[in-house]
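Worksheet: the structure to be examined is printed underneath.
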Amino acid sequence: MPAICAQNIVRSFQNGESEIRALDDISFEIDNGEFTVVLGPSGAGKTTLLNIIGGMDSPTSGHLLVSGTDIASLNKRELTEYRRNSVGFVFQFYNLMANLTAKENVELAVEMCKDAYSPEEMLKKVGLGERMNNFPAQLSGGEQQRVSIARALAKNPSIILCDEPTGALDYQTGKAVLKLLHDMCREQKKSVIIVTHNAALKDMADKVIHIKNGHAEWIEKIENPKPIEEIEW
Amino acid sequence: MSAYIKNIFRSIKHNLGKLISLTFIAIIGIAFVAGLGTLSSTIEASYSASFHDHKVADLTIKSTNVSGFTEKEISQIEETEGVSVVSALTSVDLALTLPDMDEVVNTRLYVIPDDPMDITTLDLVDGARPDEPFEIMVERHNESLTAHEVGDTIHVTYPLEIFGQQIPITFNLTVSGIVGNPLILLKTGEPMLTNPDETLNDIIYITESSFPSFISSLYGAIPKTDVYVRVTINDSSTLTFAESDYSYYSHHYLDRVNEVKERVNELGIEAEVLTLEQNASYMTLGGYCDKIDVIALIFPLFFILVVALVVLTTMVRTVDEERPQIACMKSLGMSDKKIVMKYVFMALSATLIAAGVGLAIGLPVLPSVIYPAFSTLLYSPEMVWILSPVAGIIAALGIILVSVIVTVYVVLKQLKERPASLLLPKAPKAGHKTWIEKIKIIWNHLSFKYKSCLRNIFRYKTHLIMTIISVAGSTALVFAGLGLVDIANALEGGNYATLKDTIGPIATVVVVFALLLTVFVVYNLTNMNIGERERELATLKVLGYKDHEVTMYIYREIFIMAVMGIIIGLGLGCLLIWFLTYYLEFGALSDVQWWNYIGSALLVVAFIFIVDALLTPKILKIDMTGSLKSVE
């Protein structure tokens, strides 16, 4: 059984008289432990797709099976439960709580999960063992993104969703963060979905979903992903 | 219309809800202070008008000689400078024993001229003046004076001295009329002159011609014991009260009367000269007016503080929400002064309207609500409303001034930022460790939720201070309001019935006002807090926090701050009660029931719950996806 199975997902928004289809009949499958890149220009519907997979939004029609459960049919409360236990998020702007230290930010997410990892262990793994008690304002952008990766992983979710995770970082830092994501996911056998407009990232993926105008134009399976060190953009 | 003016009106329209509530709070404050400030003048004016209409004696001269005043002495008094009218009569306070009973009836007997007097005129409440021997009039009843009806017979036994022997003789007197003496108003009873600890049970008026003639023949002419004197106050004693323009409680009146009193004393007559200051009704009223004036002096200070807080939070919030607009105006080159003026105009229009409406409502309404309560203590004349707007105007000016100052301060603070940074939404404040974390024993035992909560509380210090001040202020006012009722209830004797009735409505207004303050300030502060931390809340939602966990993230902080405010507020409330009881010269803090401490705290908490309920939809509506996209 695939980890994620999207079937004919449509997400439309009402704009006065007219209807805008952000996602127009999109279908794909993602296997367990697969590193997937969703690629497409701005406005193609990437973020809408990520929101739906992440349980922040529901499709207008279609099915989205995650570990066998159709999350398109979940109500608000069930979606909260789903976000809590099954999904880890990594955002472009990190979205850390400014008044919590790195460790506390991870604790915040872990506190309510069932099979979570120790926040301290996880922060050591992302290389922030020494900076655990620092506040976000005292950390660099790359460090903040590592905290957010640690936060996502510590929950021990089945899916990790990343929205332009390198978008706010410089080149070298961006690469380091991607490598970390990649390595951690391989190690912990997580399905990772990265949403980006940076086409260079596709070379490191197991699978690439090309999105345009709300359609999955082309689903590309990459047999031999390149190590991140060899990717350039 | 210029774009600048249009912009102001658009802003007013956009913030109408806020401005109306602000105006509303200011109206209550100003109306209350204005009404309270005019209450004592209205009471004094109403009774002064009655004293004036009844031509009450300014001086009552009581002879200390057994045989009363001589004709010569009376004319001496009449010729004294400042004396306009005199009238001589007889009065005596007696402790009479009822036949075959041990009971003592304290009776005052007046022997008055046959024609109605032109000093201290009596109101004929029922029946007619006596025209037969043994007919009398009696004073209307009160708690101590017996209630008689026209036609009743009163038996008076008096030991007459006949040929050197005391022979008790019973007179059967018939009540022909009931009268009201303008200087006997206390419903609790009139003290005896011979023994002020005792109150009178009967006041009997006998006209000279209905006085049993055989007594007159035994004693000769009845001695004149009293001389009533009216004093020329303004050379205008013929004017009506409104024209004569003096209050019986004014220094002018009292000085003038005492001047004449001195002159009478200098005549060297064997007599005691009494002014209204020795009249129980007059003094009781004056005492209440003084107490009301104290309340009217203390509360406005609190009210101005409260309205200042409301204006402060409203303007901080408005200016915060209009950051992009302010940035835009500034980047277009508009002067700081002009930008400040926009918000000053908004604050000014709200408080000016509040001043007008507040004065217009408070000045007439509050006295007419509270004045009738006085009729439970005294026979009250019709209310004469008097415009005494000083307290109200001072409160209104105070509120207007404070509002303008606060607004200028808030806007100038915002304008200090460069336009470029103003264009960005306000950055959330950086986190840092708080002093509590140094106390490891406490900090290490706190759950994660409370650690984060405490850090947030100290992160937004201005919110913390404003919340604590307003919650403390309103707790203190609620406590003082409820406490005053307790104190009034604890007072002994019916003498304080009026005080209870007066304090009831005042306490209600204070308590309602205080609770409105809580709702208002806490709503504004929480609203701003939610606005500033939208991203944090969205993050929590994304992480899978449930609705009640997200709302509790905000509410936990409010509750902790509120608890601090309530504790401080109860302390302040005790201080306020102590202050009030000290200056009002009645009751004590210990009269406040224990449950009032808990009750006022719970009341404030209940209203904070209401605010939370009002704001819950706003928290739940925060859009996870939208809020997370915004720039850092």
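Ordered as shown in the structure tokens, chains take letters A, B, and onward, while each chain numbers its residues from 1 and ligands are numbered from 1 in the order shown.
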>> Should the cut-off be 6 Å, what would the residue list for chain A against chain B look like, counting only C-alpha atoms, as a ChimeraX atom specification?
In response: /A:80,83-84,98-99
Now that the selection is made, can you save its residues with N, CA and C atoms as a PDB file, in the first residue's frame?
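The new file selection_15.pdb reads:
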ATOM      1  N   THR A  80      -7.374  17.926  12.939  1.00  0.00           N
ATOM      2  CA  THR A  80      -6.441  18.385  13.968  1.00  0.00           C
ATOM      3  C   THR A  80      -5.650  17.191  14.516  1.00  0.00           C
ATOM      4  N   ARG A  83      -3.105  16.138  11.922  1.00  0.00           N
ATOM      5  CA  ARG A  83      -1.926  17.013  11.893  1.00  0.00           C
ATOM      6  C   ARG A  83      -1.030  16.729  13.089  1.00  0.00           C
ATOM      7  N   ARG A  84      -1.682  16.466  14.203  1.00  0.00           N
ATOM      8  CA  ARG A  84      -0.957  16.271  15.446  1.00  0.00           C
ATOM      9  C   ARG A  84      -0.076  15.014  15.396  1.00  0.00           C
ATOM     10  N   ALA A  98       8.685  32.633  19.095  1.00  0.00           N
ATOM     11  CA  ALA A  98       9.787  33.527  19.451  1.00  0.00           C
ATOM     12  C   ALA A  98      10.112  33.481  20.950  1.00  0.00           C
ATOM     13  N   ASN A  99       9.122  33.114  21.749  1.00  0.00           N
ATOM     14  CA  ASN A  99       9.375  33.179  23.189  1.00  0.00           C
ATOM     15  C   ASN A  99       9.808  31.837  23.764  1.00  0.00           C
TER      16      ASN A  99
END
> Could you name the residues that touch Ser61 in chain A at 7 Å or less, counting only C-alpha atoms, but leaving out those on the same chain fewer than 5 positions away, as a VMD selection string?
Replying inline: chain A and resid 9 to 11
Restricted to N, CA and C atoms, what would the selected residues look like written as a compact mmCIF listing (two decimals), in the first residue's frame?
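Result went into again-v4.txt, see below:
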# COMPACT_ATOMS: atom_id res chain seq x y z
N ILE A 9 -8.15 14.74 -7.09
CA ILE A 9 -8.40 15.83 -6.14
C ILE A 9 -8.69 17.14 -6.87
N VAL A 10 -9.80 17.75 -6.47
CA VAL A 10 -10.17 19.06 -7.00
C VAL A 10 -10.30 20.01 -5.82
N ARG A 11 -9.69 21.19 -5.95
CA ARG A 11 -9.91 22.22 -4.92
C ARG A 11 -10.26 23.49 -5.65
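Between CA of Ile52 in chain A and CA of Ile149 in chain A there is a distance of 20.1 Å.
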>> Can you tell me which residues surround Ser148 in chain A at a distance of at most 8 Å, considering only C-alpha atoms, apart from same-chain residues fewer than 6 positions away, and format the answer as a PyMOL selection string?
In response: chain A and resi 89-91+94-96+106
Find the residues around Asn32 in chain A up to 7 Å (only C-alpha atoms counted), leave out those fewer than 3 positions away in its own chain, and share them as a compact mmCIF listing (two decimals) with N, CA and C atoms, in the first residue's frame.
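The result, stored in result.txt:
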# COMPACT_ATOMS: atom_id res chain seq x y z
N PRO A 2 0.61 2.20 -0.92
CA PRO A 2 1.40 3.43 -0.92
C PRO A 2 1.12 4.25 0.34
N ALA A 3 2.10 5.09 0.75
CA ALA A 3 1.91 5.94 1.93
C ALA A 3 0.81 6.97 1.66
N LYS A 190 11.01 8.02 6.51
CA LYS A 190 9.83 8.89 6.42
C LYS A 190 9.57 9.22 4.97
N SER A 191 8.28 9.43 4.65
CA SER A 191 7.95 9.97 3.34
C SER A 191 8.08 11.47 3.43
Tell me, counting only C-alpha atoms, for each residue of range 356-431 of chain B within 6 Å of range 179-191 of chain B, which pair of atoms is nearest and how far apart they are in Å to one decimal, in rows ordered by chain and increasing number, as a Markdown table.
| residue | atom | partner | partner_atom | distance |
| --- | --- | --- | --- | --- |
| B:Leu377 | CA | B:Lys187 | CA | 5.4 |
| B:Leu378 | CA | B:Leu186 | CA | 4.5 |
| B:Tyr379 | CA | B:Leu185 | CA | 5.0 |
Residues of range 241-316 of chain B within 12 Å of range 475-478 of chain B: nearest atom pair and distance (Å, one decimal) for each, counting only C-alpha atoms, sorted by chain and number, as a tab-separated table?
residue	atom	partner	partner_atom	distance
B:Ile298	CA	B:Leu477	CA	11.5
B:Phe299	CA	B:Leu477	CA	9.2
B:Pro300	CA	B:Leu477	CA	11.9
B:Leu301	CA	B:Leu477	CA	11.9
B:Phe302	CA	B:Leu477	CA	8.4
B:Phe303	CA	B:Leu477	CA	9.7
B:Leu305	CA	B:Leu477	CA	11.9
B:Val306	CA	B:Leu477	CA	10.3
Would you save the residues of that selection, restricted to C-alpha atoms, as a compact mmCIF listing (two decimals), in the first residue's frame?
# COMPACT_ATOMS: atom_id res chain seq x y z
CA ILE B 298 -12.99 60.63 45.65
CA PHE B 299 -14.74 58.76 42.85
CA PRO B 300 -14.00 61.18 40.01
CA LEU B 301 -10.28 60.56 40.47
CA PHE B 302 -10.87 56.86 39.97
CA PHE B 303 -13.17 57.47 37.04
CA LEU B 305 -8.06 57.03 35.71
CA VAL B 306 -10.40 54.39 34.35
> Which residues, written as JSON, numbers by chain, have at least one atom at most 9 Å from Ser46 in chain B, with only C-alpha atoms counted and residues fewer than 4 positions away on the same chain left out?
Replying inline: {"B": [41, 42, 50, 51, 380, 381, 382, 383, 384, 385, 386]}
Restricting the output to C-alpha atoms, write the selected residues as a PDB file, in the first residue's frame.
ATOM      1  CA  SER B  41     -26.520  71.356  46.120  1.00  0.00           C
ATOM      2  CA  THR B  42     -29.904  70.059  45.062  1.00  0.00           C
ATOM      3  CA  SER B  50     -38.713  75.040  52.092  1.00  0.00           C
ATOM      4  CA  PHE B  51     -37.108  76.917  55.000  1.00  0.00           C
ATOM      5  CA  SER B 380     -38.879  66.140  52.175  1.00  0.00           C
ATOM      6  CA  PRO B 381     -40.081  69.197  50.365  1.00  0.00           C
ATOM      7  CA  GLU B 382     -40.405  69.119  46.613  1.00  0.00           C
ATOM      8  CA  MET B 383     -37.041  68.848  44.902  1.00  0.00           C
ATOM      9  CA  VAL B 384     -35.520  72.102  43.708  1.00  0.00           C
ATOM     10  CA  TRP B 385     -32.979  71.066  41.089  1.00  0.00           C
ATOM     11  CA  ILE B 386     -29.961  73.281  41.081  1.00  0.00           C
TER      12      ILE B 386
END
>> I'd like the contact shell of Asn195 in chain B - 12 Å cut-off, only C-alpha atoms, skipping same-chain residues fewer than 6 positions apart - returned as a list in words.
In response: Asp93, Leu94, Ala95, Asn106 and Thr107 of chain B
>> List the spatial neighbours of range 171-181 of chain A as a count of residues only - criterion: any atom at most 9 Å away, only C-alpha atoms, same-chain residues fewer than 3 positions off excluded.
In response: 20
> If you run DSSP on this backbone, which residues of range 24-124 of chain A come out as alpha helix (DSSP H), and could you give them as a ChimeraX atom specification?
Replying inline: /A:46-53,76-86,102-110,119-124
> Could you pull out all residues of range 212-324 of chain B with a DSSP call of strand (DSSP E or B) and give them as a list in words?
Replying inline: Asp226, Val227, Tyr228, Val229, Arg230, Val231, Ala271, Glu272, Val273 and Leu274 of chain B
Now that the selection is made, can you save its residues with N, CA and C atoms as a short mmCIF file (atom, residue, chain, number, x, y, z; two decimals), in the first residue's frame?
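In the end it all went to out_11.cif:
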data_model
loop_
_atom_site.label_atom_id
_atom_site.label_comp_id
_atom_site.auth_asym_id
_atom_site.auth_seq_id
_atom_site.Cartn_x
_atom_site.Cartn_y
_atom_site.Cartn_z
N ASP B 226 -40.20 81.71 74.48
CA ASP B 226 -39.40 81.73 73.24
C ASP B 226 -39.64 83.00 72.46
N VAL B 227 -38.58 83.50 71.83
CA VAL B 227 -38.75 84.55 70.84
C VAL B 227 -38.14 84.05 69.54
N TYR B 228 -38.98 83.96 68.49
CA TYR B 228 -38.50 83.57 67.17
C TYR B 228 -38.08 84.82 66.43
N VAL B 229 -36.94 84.74 65.79
CA VAL B 229 -36.40 85.92 65.12
C VAL B 229 -36.06 85.59 63.68
N ARG B 230 -36.47 86.44 62.79
CA ARG B 230 -35.96 86.33 61.40
C ARG B 230 -34.93 87.42 61.20
N VAL B 231 -33.86 87.04 60.56
CA VAL B 231 -32.74 87.95 60.38
C VAL B 231 -32.75 88.44 58.94
N ALA B 271 -31.03 84.60 78.51
CA ALA B 271 -31.58 83.75 77.45
C ALA B 271 -30.46 83.02 76.72
N GLU B 272 -30.89 81.96 76.03
CA GLU B 272 -29.96 81.20 75.20
C GLU B 272 -30.38 81.41 73.75
N VAL B 273 -29.41 81.75 72.89
CA VAL B 273 -29.76 82.01 71.50
C VAL B 273 -29.37 80.81 70.65
N LEU B 274 -30.34 80.22 69.97
CA LEU B 274 -30.07 79.05 69.13
C LEU B 274 -30.19 79.44 67.66
#
> So how far away is CA of Asn105 in chain A from CA of Ala150 in chain A, in Å?
Replying inline: 9.4 Å
>> To one decimal place in Å, what is the distance between CA of Asp131 in chain B and CA of Val156 in chain B?
In response: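 Separation of CA of Asp131 in chain B and CA of Val156 in chain B: 19.2 Å.
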